>>> print(open('protein_35.txt').read())   # compact mmCIF, C-alpha atoms
# COMPACT_ATOMS: atom_id res chain seq x y z
CA MET A 1 32.67 154.22 71.43
CA SER A 2 29.25 154.71 69.87
CA THR A 3 27.07 151.75 68.97
CA THR A 4 26.25 151.14 65.31
CA THR A 5 23.02 149.33 64.56
CA SER A 6 22.88 147.30 61.38
CA ILE A 7 19.51 147.12 59.62
CA THR A 8 20.35 144.32 57.21
CA THR A 9 17.13 142.32 56.80
CA THR A 10 16.06 139.55 54.43
CA TYR A 11 12.60 138.26 53.56
CA ALA A 12 12.16 135.45 51.05
CA GLY A 13 9.35 133.37 49.57
CA GLU A 14 6.15 133.46 51.62
CA PHE A 15 7.62 135.89 54.15
CA ALA A 16 8.31 138.42 51.41
CA GLY A 17 4.69 138.27 50.29
CA LYS A 18 3.37 141.00 52.57
CA TYR A 19 6.04 143.43 51.40
CA ILE A 20 5.54 142.59 47.73
CA ALA A 21 1.78 142.98 48.21
CA ALA A 22 2.38 146.38 49.79
CA ALA A 23 4.35 147.38 46.70
CA LEU A 24 2.07 146.00 43.98
CA LEU A 25 -1.49 146.02 45.26
CA PRO A 26 -1.86 149.71 46.27
CA ALA A 27 -1.91 150.60 42.55
CA PRO A 28 -5.26 152.47 42.25
CA THR A 29 -6.79 149.92 39.88
CA LEU A 30 -6.04 147.10 42.32
CA ALA A 31 -6.67 149.05 45.52
CA SER A 32 -10.14 149.98 44.26
CA ASN A 33 -10.80 146.32 43.37
CA LEU A 34 -11.55 147.22 39.75
CA ILE A 35 -10.12 144.06 38.19
CA THR A 36 -9.63 140.45 39.28
CA ILE A 37 -6.46 139.55 41.20
CA MET A 38 -4.81 136.13 40.97
CA PRO A 39 -2.37 136.27 43.91
CA ASN A 40 -0.56 132.95 43.65
CA VAL A 41 0.61 132.35 40.08
CA LYS A 42 3.85 130.43 40.49
CA PHE A 43 4.96 130.47 36.85
CA LYS A 44 1.93 130.77 34.62
CA SER A 45 -1.76 130.05 34.86
CA VAL A 46 -4.23 128.92 32.21
CA MET A 47 -7.48 130.88 32.03
CA LYS A 48 -10.16 128.54 30.66
CA ARG A 49 -12.85 129.88 28.37
CA LEU A 50 -16.00 127.79 27.99
CA ALA A 51 -18.38 128.53 25.11
CA THR A 52 -21.61 126.59 24.50
CA ASP A 53 -24.53 126.83 22.15
CA LYS A 54 -28.15 126.54 23.33
CA LEU A 55 -28.38 124.37 26.47
CA LEU A 56 -32.11 123.72 26.88
CA SER A 57 -33.94 121.11 24.80
CA ASN A 58 -37.27 119.28 24.98
CA ALA A 59 -37.47 116.67 27.73
CA SER A 60 -37.38 112.94 26.92
CA CYS A 61 -37.00 109.63 28.75
CA ASP A 62 -33.53 109.06 27.38
CA PHE A 63 -30.26 110.82 28.02
CA ASN A 64 -29.69 112.71 24.82
CA PRO A 65 -26.51 114.80 24.81
CA ALA A 66 -26.85 117.65 22.37
CA GLY A 67 -25.12 120.84 21.42
CA THR A 68 -21.46 121.71 21.31
CA ILE A 69 -18.95 122.85 23.89
CA THR A 70 -15.88 124.79 22.83
CA LEU A 71 -13.06 125.07 25.33
CA THR A 72 -10.30 127.55 24.63
CA GLU A 73 -7.72 129.12 26.87
CA ARG A 74 -5.51 132.12 27.46
CA VAL A 75 -2.33 132.08 29.48
CA ILE A 76 -1.25 134.61 32.07
CA GLN A 77 2.47 134.47 32.76
CA PRO A 78 3.67 137.14 35.18
CA LYS A 79 7.02 138.69 34.33
CA GLU A 80 9.91 138.65 36.80
CA LEU A 81 10.74 142.17 37.95
CA GLN A 82 13.17 143.66 40.42
CA VAL A 83 14.12 146.80 42.31
CA ASN A 84 17.83 147.51 42.89
CA ARG A 85 18.50 150.81 44.63
CA GLN A 86 21.24 152.29 46.78
CA LEU A 87 20.66 155.25 49.08
CA CYS A 88 22.50 157.12 51.80
CA ARG A 89 21.13 156.13 55.19
CA THR A 90 21.65 159.62 56.67
CA THR A 91 19.19 161.18 54.21
CA TYR A 92 16.36 158.85 55.13
CA ARG A 93 17.40 158.74 58.78
CA ASN A 94 16.46 162.42 59.11
CA ASP A 95 12.99 161.65 57.76
CA TRP A 96 12.66 158.73 60.17
CA ASP A 97 13.66 160.92 63.13
CA ALA A 98 10.97 163.42 62.13
CA ILE A 99 8.38 160.65 62.21
CA GLU A 100 9.52 159.45 65.64
CA MET A 101 9.19 162.99 66.99
CA GLY A 102 5.74 163.48 65.44
CA TYR A 103 6.76 166.06 62.85
CA SER A 104 5.46 164.33 59.74
CA ALA A 105 2.37 163.50 57.73
CA PHE A 106 2.43 159.81 58.73
CA ASP A 107 -0.82 158.80 60.42
CA VAL A 108 0.57 155.42 61.44
CA MET A 109 4.21 155.24 62.39
CA PRO A 110 6.14 152.41 60.73
CA LYS A 111 7.30 149.83 63.27
CA SER A 112 10.94 150.10 62.26
CA PHE A 113 13.37 152.01 60.08
CA THR A 114 13.30 149.00 57.74
CA ASP A 115 9.52 149.23 57.32
CA PHE A 116 9.87 152.96 56.73
CA LEU A 117 12.34 152.42 53.89
CA LEU A 118 10.21 149.71 52.33
CA ALA A 119 7.14 151.96 52.50
CA GLN A 120 8.99 154.67 50.58
CA TYR A 121 9.81 152.31 47.73
CA ALA A 122 6.53 150.41 47.83
CA GLU A 123 4.69 153.62 46.96
CA LYS A 124 6.89 154.16 43.92
CA VAL A 125 6.51 150.54 42.77
CA ALA A 126 2.72 150.79 43.08
CA SER A 127 2.69 153.90 40.89
CA GLU A 128 4.72 152.16 38.17
CA ASN A 129 2.58 149.04 38.47
CA GLU A 130 -0.58 151.06 37.78
CA VAL A 131 0.89 152.26 34.48
CA ASN A 132 2.10 148.77 33.57
CA ILE A 133 -1.34 147.25 34.15
CA TRP A 134 -2.92 149.39 31.45
CA ARG A 135 -0.18 150.41 29.01
CA GLY A 136 3.05 148.63 29.87
CA VAL A 137 5.20 147.19 27.07
CA ALA A 138 7.11 144.02 27.93
CA SER A 139 10.02 144.91 25.65
CA ASN A 140 10.68 147.96 27.85
CA ASN A 141 12.87 147.50 30.90
CA GLY A 142 10.81 146.95 34.06
CA GLU A 143 7.46 146.62 32.27
CA PHE A 144 5.00 143.89 31.31
CA ASP A 145 2.41 144.06 28.54
CA GLY A 146 -0.61 146.03 29.74
CA PHE A 147 -4.19 145.66 28.58
CA THR A 148 -4.01 148.29 25.82
CA THR A 149 -0.81 146.72 24.48
CA LEU A 150 -2.39 143.25 24.40
CA LEU A 151 -5.61 144.50 22.81
CA ALA A 152 -3.77 146.45 20.12
CA LEU A 153 -2.25 143.17 18.90
CA ASP A 154 -5.30 140.89 19.13
CA PRO A 155 -6.87 140.13 15.72
CA ALA A 156 -9.94 138.62 17.42
CA LEU A 157 -11.13 141.97 18.79
CA PRO A 158 -14.34 142.75 16.83
CA SER A 159 -13.82 145.78 14.62
CA ALA A 160 -17.26 147.14 15.57
CA GLN A 161 -16.01 147.29 19.16
CA GLU A 162 -12.97 149.42 18.32
CA LEU A 163 -14.01 153.04 18.58
CA ALA A 164 -11.88 155.95 17.40
CA LEU A 165 -11.25 159.20 19.26
CA VAL A 166 -13.77 161.88 18.35
CA GLY A 167 -12.53 164.57 15.98
CA GLY A 168 -11.17 167.54 17.88
CA GLY A 169 -10.65 165.43 21.00
CA LEU A 170 -12.70 164.91 24.13
CA LEU A 171 -14.30 167.91 25.84
CA SER A 172 -16.73 168.37 28.70
CA THR A 173 -19.37 169.13 26.07
CA ASN A 174 -18.99 165.80 24.22
CA VAL A 175 -17.66 163.37 26.83
CA ILE A 176 -21.11 162.06 27.81
CA ALA A 177 -21.96 161.29 24.19
CA GLU A 178 -18.60 159.55 23.66
CA ILE A 179 -19.00 157.40 26.77
CA GLY A 180 -22.46 156.58 25.47
CA LYS A 181 -20.91 155.30 22.23
CA VAL A 182 -18.77 152.89 24.25
CA LEU A 183 -21.79 151.60 26.12
CA ASP A 184 -23.82 151.26 22.92
CA ALA A 185 -21.04 149.23 21.27
CA THR A 186 -20.92 146.77 24.17
CA PRO A 187 -22.88 143.50 23.74
CA LEU A 188 -26.01 143.67 25.91
CA ALA A 189 -25.16 140.39 27.62
CA VAL A 190 -21.91 141.99 28.81
CA SER A 191 -23.18 145.43 29.84
CA ALA A 192 -26.01 143.79 31.82
CA ARG A 193 -23.52 142.02 34.09
CA GLU A 194 -23.23 143.27 37.67
CA ASP A 195 -19.44 143.55 37.39
CA PHE A 196 -19.47 145.48 34.10
CA HIS A 197 -17.31 148.62 34.10
CA ILE A 198 -16.32 151.32 31.66
CA TYR A 199 -12.70 152.02 32.59
CA VAL A 200 -11.60 155.55 31.72
CA SER A 201 -8.38 157.54 31.84
CA THR A 202 -7.88 160.45 34.22
CA ASN A 203 -8.79 163.17 31.73
CA VAL A 204 -11.99 161.36 30.69
CA PHE A 205 -13.00 160.95 34.32
CA ARG A 206 -12.37 164.64 35.05
CA LEU A 207 -14.26 165.76 31.96
CA TYR A 208 -17.22 163.65 33.06
CA VAL A 209 -17.10 165.19 36.54
CA ARG A 210 -17.02 168.64 34.96
CA ALA A 211 -19.91 167.80 32.64
CA LEU A 212 -22.04 166.70 35.58
CA GLY A 213 -21.13 169.93 37.36
CA GLY A 214 -23.27 171.93 34.98
CA PHE A 215 -21.35 172.23 31.75
CA ALA A 216 -23.55 169.67 30.00
CA THR A 217 -26.63 171.15 28.34
CA ASN A 218 -28.98 168.54 29.79
CA LEU A 219 -28.05 169.32 33.41
CA GLY A 220 -28.62 173.03 33.58
CA ALA A 221 -26.22 175.71 34.74
CA ASN A 222 -25.69 174.38 38.25
CA GLY A 223 -25.37 170.66 37.57
CA ILE A 224 -26.14 167.90 40.06
CA ASP A 225 -28.07 169.12 43.13
CA GLY A 226 -27.34 172.68 42.07
CA LYS A 227 -23.79 172.37 43.45
CA GLY A 228 -21.89 173.13 40.26
CA SER A 229 -18.34 171.81 40.23
CA MET A 230 -18.49 171.27 44.02
CA TRP A 231 -20.75 168.22 43.71
CA PHE A 232 -17.90 165.69 43.43
CA ASN A 233 -16.45 164.41 46.72
CA GLY A 234 -13.95 161.93 45.34
CA GLY A 235 -14.04 158.23 44.60
CA ALA A 236 -12.94 155.94 41.79
CA ILE A 237 -16.39 154.98 40.46
CA LEU A 238 -19.28 157.08 39.18
CA PRO A 239 -22.60 155.94 37.69
CA PHE A 240 -23.30 156.30 33.98
CA GLU A 241 -26.73 155.27 32.69
CA GLY A 242 -26.93 152.51 35.28
CA VAL A 243 -23.40 151.12 34.82
CA LYS A 244 -20.12 151.80 36.60
CA LEU A 245 -17.66 154.34 35.21
CA ALA A 246 -14.29 153.52 36.79
CA HIS A 247 -11.25 155.78 37.01
CA ALA A 248 -8.14 153.88 35.85
CA PRO A 249 -5.21 156.32 36.21
CA GLY A 250 -2.85 154.05 34.29
CA LEU A 251 -4.81 154.28 31.04
CA PRO A 252 -3.38 156.55 28.33
CA ALA A 253 -5.10 159.92 27.95
CA SER A 254 -8.53 159.92 26.25
CA THR A 255 -8.79 156.13 26.42
CA MET A 256 -11.65 153.88 27.54
CA ILE A 257 -12.07 150.12 27.88
CA ALA A 258 -15.43 148.50 28.62
CA THR A 259 -15.78 144.96 29.93
CA THR A 260 -16.44 143.02 33.12
CA LYS A 261 -14.18 142.96 36.15
CA GLU A 262 -13.98 139.17 35.86
CA ASN A 263 -12.59 139.48 32.33
CA LEU A 264 -9.53 141.52 33.36
CA VAL A 265 -6.97 139.68 35.48
CA PHE A 266 -3.82 140.78 37.28
CA GLY A 267 -1.53 137.91 38.21
CA THR A 268 1.32 137.83 40.68
CA GLY A 269 3.05 135.30 42.91
CA LEU A 270 2.81 136.56 46.46
CA MET A 271 3.76 133.15 47.85
CA ASN A 272 6.50 132.24 45.37
CA ASP A 273 9.91 131.09 46.54
CA SER A 274 11.49 133.38 43.93
CA GLN A 275 10.20 136.48 45.72
CA GLU A 276 12.67 138.34 47.81
CA VAL A 277 13.01 141.58 49.76
CA ARG A 278 16.38 142.60 51.17
CA ILE A 279 17.59 145.65 53.05
CA ILE A 280 21.40 145.48 53.01
CA ASP A 281 23.39 147.80 55.24
CA THR A 282 26.84 148.02 53.64
CA SER A 283 28.41 149.89 56.57
CA GLU A 284 29.42 146.55 58.09
CA THR A 285 31.24 145.34 54.99
CA ILE A 286 32.73 148.35 53.22
CA GLY A 287 32.40 151.04 55.88
CA ASP A 288 30.19 153.50 53.99
CA GLN A 289 26.80 154.95 54.92
CA ASN A 290 24.80 153.31 52.16
CA ILE A 291 21.81 151.00 52.21
CA ARG A 292 20.89 148.74 49.33
CA ILE A 293 17.29 147.78 48.67
CA VAL A 294 16.53 144.64 46.67
CA MET A 295 13.03 143.52 45.73
CA ARG A 296 12.14 140.66 43.39
CA MET A 297 8.57 140.00 42.32
CA THR A 298 6.37 138.85 39.45
CA ALA A 299 3.44 140.66 37.82
CA GLY A 300 1.39 140.52 34.63
CA VAL A 301 -2.11 140.94 33.19
CA GLN A 302 -4.37 139.09 30.79
CA TYR A 303 -8.00 139.18 29.67
CA GLY A 304 -10.27 136.21 29.15
CA ILE A 305 -12.73 136.91 26.33
CA VAL A 306 -11.74 139.60 23.85
CA GLU A 307 -15.21 139.58 22.24
CA ASP A 308 -16.53 140.97 25.54
CA ILE A 309 -14.33 144.07 25.33
CA VAL A 310 -14.92 147.48 23.74
CA THR A 311 -11.99 149.86 23.26
CA TYR A 312 -11.93 153.61 22.68
CA ASN A 313 -8.84 155.27 21.21
CA VAL A 314 -6.83 152.03 21.23
CA THR A 315 -5.42 151.44 17.75
CA ASN A 316 -5.52 147.77 16.77
CA SER A 317 -2.81 147.15 14.19
CA VAL A 318 -3.74 143.59 13.19
CA ASN A 319 -7.40 143.63 12.16
>>> encode(input="protein_35.txt", output="structure tokens")
Amino acid sequence: MSTTTSITTTYAGEFAGKYIAAALLPAPTLASNLITIMPNVKFKSVMKRLATDKLLSNASCDFNPAGTITLTERVIQPKELQVNRQLCRTTYRNDWDAIEMGYSAFDVMPKSFTDFLLAQYAEKVASENEVNIWRGVASNNGEFDGFTTLLALDPALPSAQELALVGGGLLSTNVIAEIGKVLDATPLAVSAREDFHIYVSTNVFRLYVRALGGFATNLGANGIDGKGSMWFNGGAILPFEGVKLAHAPGLPASTMIATTKENLVFGTGLMNDSQEVRIIDTSETIGDQNIRIVMRMTAGVQYGIVEDIVTYNVTNSVN
């Protein structure tokens, strides 16, 4: 009689954290460290905003408190999310056997069939998380409000910092000028910060790469170093007039957001008791060849100071 090996495995709370992290954090925006990560938000966290007027005054012998301090706050409350999937073990078992025998693209072999299955789904979760970060809508199943959704409903966003899409759309011939408009609309105190970024969608990033390859009139026919379109060797960040231009794949097409890394926050609860990862082998209970994958996690985003943000092609419906 052949031996059947059950792969039923359960991770909960802190022990699930490494698997949840593997699913959420590889999203390109997070993997490239483009925004701030709050990894241990149990339910919600208050982001304090401190505003003061002029601090310095003439010296005197007495203690003379002066000026005003305004303390406001924004709340980040990650949304509870889950993965419920059922798959046939024989389908994935063939892939696992190929890895064991060396016939696969895996550079590092997963330690177990369980890790292999989790890796398959973690990649898919990370891809969805990237989209949620920038344009998710909480009323949609499996999504939380992304930055563009939040900004589109914030009446405090200065109208002068809401830029419209150029007529005729973005092209390699106008993308540098349009990025320049975003930088020009940013308060100098913000754009001078070391962690200031202009976050751009995939098509904007590619148009900028193409422009620097020689299609922009100010670079000449062969572009940077005379290499034409071959100059770009990859990466998520490129320089633009002394600031960082960051590729954010989750942004909608032809969209840009300019602010500091510190001002954009992704919150999750990697240590929460409510987190759970289960691999359930149902062959022991109902005699089939199926495996059920259960993942429970929390995720959400929030920004701190809306006045420090410039948007491009994000329609604000409330101001």
>>> residues_around(input="protein_35.txt", residues="Leu30 (chain A)", least_positions_apart="2", cutoff="12 Å", atoms="all atoms listed in the file", output="VMD selection string")
chain A and resid 21 to 28 32 to 39 126 to 127 129 to 131 133 to 134 236 246 to 250 261 264 to 268 301
>>> write_last_selection(input="protein_35.txt", atoms="C-alpha atoms", output="short mmCIF file (atom, residue, chain, number, x, y, z; two decimals), in the coordinates of the input")
data_model
loop_
_atom_site.label_atom_id
_atom_site.label_comp_id
_atom_site.auth_asym_id
_atom_site.auth_seq_id
_atom_site.Cartn_x
_atom_site.Cartn_y
_atom_site.Cartn_z
CA ALA A 21 1.78 142.98 48.21
CA ALA A 22 2.38 146.38 49.79
CA ALA A 23 4.35 147.38 46.70
CA LEU A 24 2.07 146.00 43.98
CA LEU A 25 -1.49 146.02 45.26
CA PRO A 26 -1.86 149.71 46.27
CA ALA A 27 -1.91 150.60 42.55
CA PRO A 28 -5.26 152.47 42.25
CA SER A 32 -10.14 149.98 44.26
CA ASN A 33 -10.80 146.32 43.37
CA LEU A 34 -11.55 147.22 39.75
CA ILE A 35 -10.12 144.06 38.19
CA THR A 36 -9.63 140.45 39.28
CA ILE A 37 -6.46 139.55 41.20
CA MET A 38 -4.81 136.13 40.97
CA PRO A 39 -2.37 136.27 43.91
CA ALA A 126 2.72 150.79 43.08
CA SER A 127 2.69 153.90 40.89
CA ASN A 129 2.58 149.04 38.47
CA GLU A 130 -0.58 151.06 37.78
CA VAL A 131 0.89 152.26 34.48
CA ILE A 133 -1.34 147.25 34.15
CA TRP A 134 -2.92 149.39 31.45
CA ALA A 236 -12.94 155.94 41.79
CA ALA A 246 -14.29 153.52 36.79
CA HIS A 247 -11.25 155.78 37.01
CA ALA A 248 -8.14 153.88 35.85
CA PRO A 249 -5.21 156.32 36.21
CA GLY A 250 -2.85 154.05 34.29
CA LYS A 261 -14.18 142.96 36.15
CA LEU A 264 -9.53 141.52 33.36
CA VAL A 265 -6.97 139.68 35.48
CA PHE A 266 -3.82 140.78 37.28
CA GLY A 267 -1.53 137.91 38.21
CA THR A 268 1.32 137.83 40.68
CA VAL A 301 -2.11 140.94 33.19
#
>>> atom_distance(input="protein_35.txt", atom1="CA of Ser201 (chain A)", atom2="CA of Leu153 (chain A)")
20.3 Å
>>> residues_around(input="protein_35.txt", residues="region 76-81 of chain A", least_positions_apart="5", cutoff="6 Å", atoms="only C-alpha atoms", output="JSON, numbers by chain")
{"A": [44, 45, 296, 297, 298, 299, 300, 302]}
>>> atom_distance(input="protein_35.txt", atom1="CA of Leu151 (chain A)", atom2="CA of Phe196 (chain A)")
17.9 Å
>>> atom_distance(input="protein_35.txt", atom1="CA of Asp184 (chain A)", atom2="CA of Ser317 (chain A)")
23.1 Å
>>> residues_around(input="protein_35.txt", residues="Pro252 (chain A)", least_positions_apart="5", cutoff="10 Å", atoms="all atoms listed in the file", output="list in words")
Val131, Trp134, Arg135, Thr148, Val200, Ser201, Thr202, Asn203, Asn313 and Val314 of chain A
>>> residues_around(input="protein_35.txt", residues="region 185-191 of chain A", least_positions_apart="3", cutoff="8 Å", atoms="only C-alpha atoms", output="mmCIF file with C-alpha atoms, in the coordinates of the input")
data_model
loop_
_atom_site.group_PDB
_atom_site.id
_atom_site.type_symbol
_atom_site.label_atom_id
_atom_site.label_comp_id
_atom_site.auth_asym_id
_atom_site.auth_seq_id
_atom_site.Cartn_x
_atom_site.Cartn_y
_atom_site.Cartn_z
ATOM 1 C CA ALA A 160 -17.260 147.140 15.570
ATOM 2 C CA GLN A 161 -16.010 147.290 19.160
ATOM 3 C CA LYS A 181 -20.910 155.300 22.230
ATOM 4 C CA VAL A 182 -18.770 152.890 24.250
ATOM 5 C CA PHE A 196 -19.470 145.480 34.100
ATOM 6 C CA HIS A 197 -17.310 148.620 34.100
ATOM 7 C CA VAL A 243 -23.400 151.120 34.820
ATOM 8 C CA ALA A 258 -15.430 148.500 28.620
ATOM 9 C CA THR A 259 -15.780 144.960 29.930
ATOM 10 C CA THR A 260 -16.440 143.020 33.120
ATOM 11 C CA ASP A 308 -16.530 140.970 25.540
ATOM 12 C CA ILE A 309 -14.330 144.070 25.330
ATOM 13 C CA VAL A 310 -14.920 147.480 23.740
#
>>> closest_residue(input="protein_35.txt", among="A:Ser57, A:Gln120, A:Asn40, A:Thr90", to="Ile293 (chain A)", atoms="all atoms listed in the file")
A:Gln120
>>> closest_residue(input="protein_35.txt", among="A:Val41, A:Ala31, A:Phe144, A:Lys244", to="Glu194 (chain A)", atoms="all atoms listed in the file")
A:Lys244
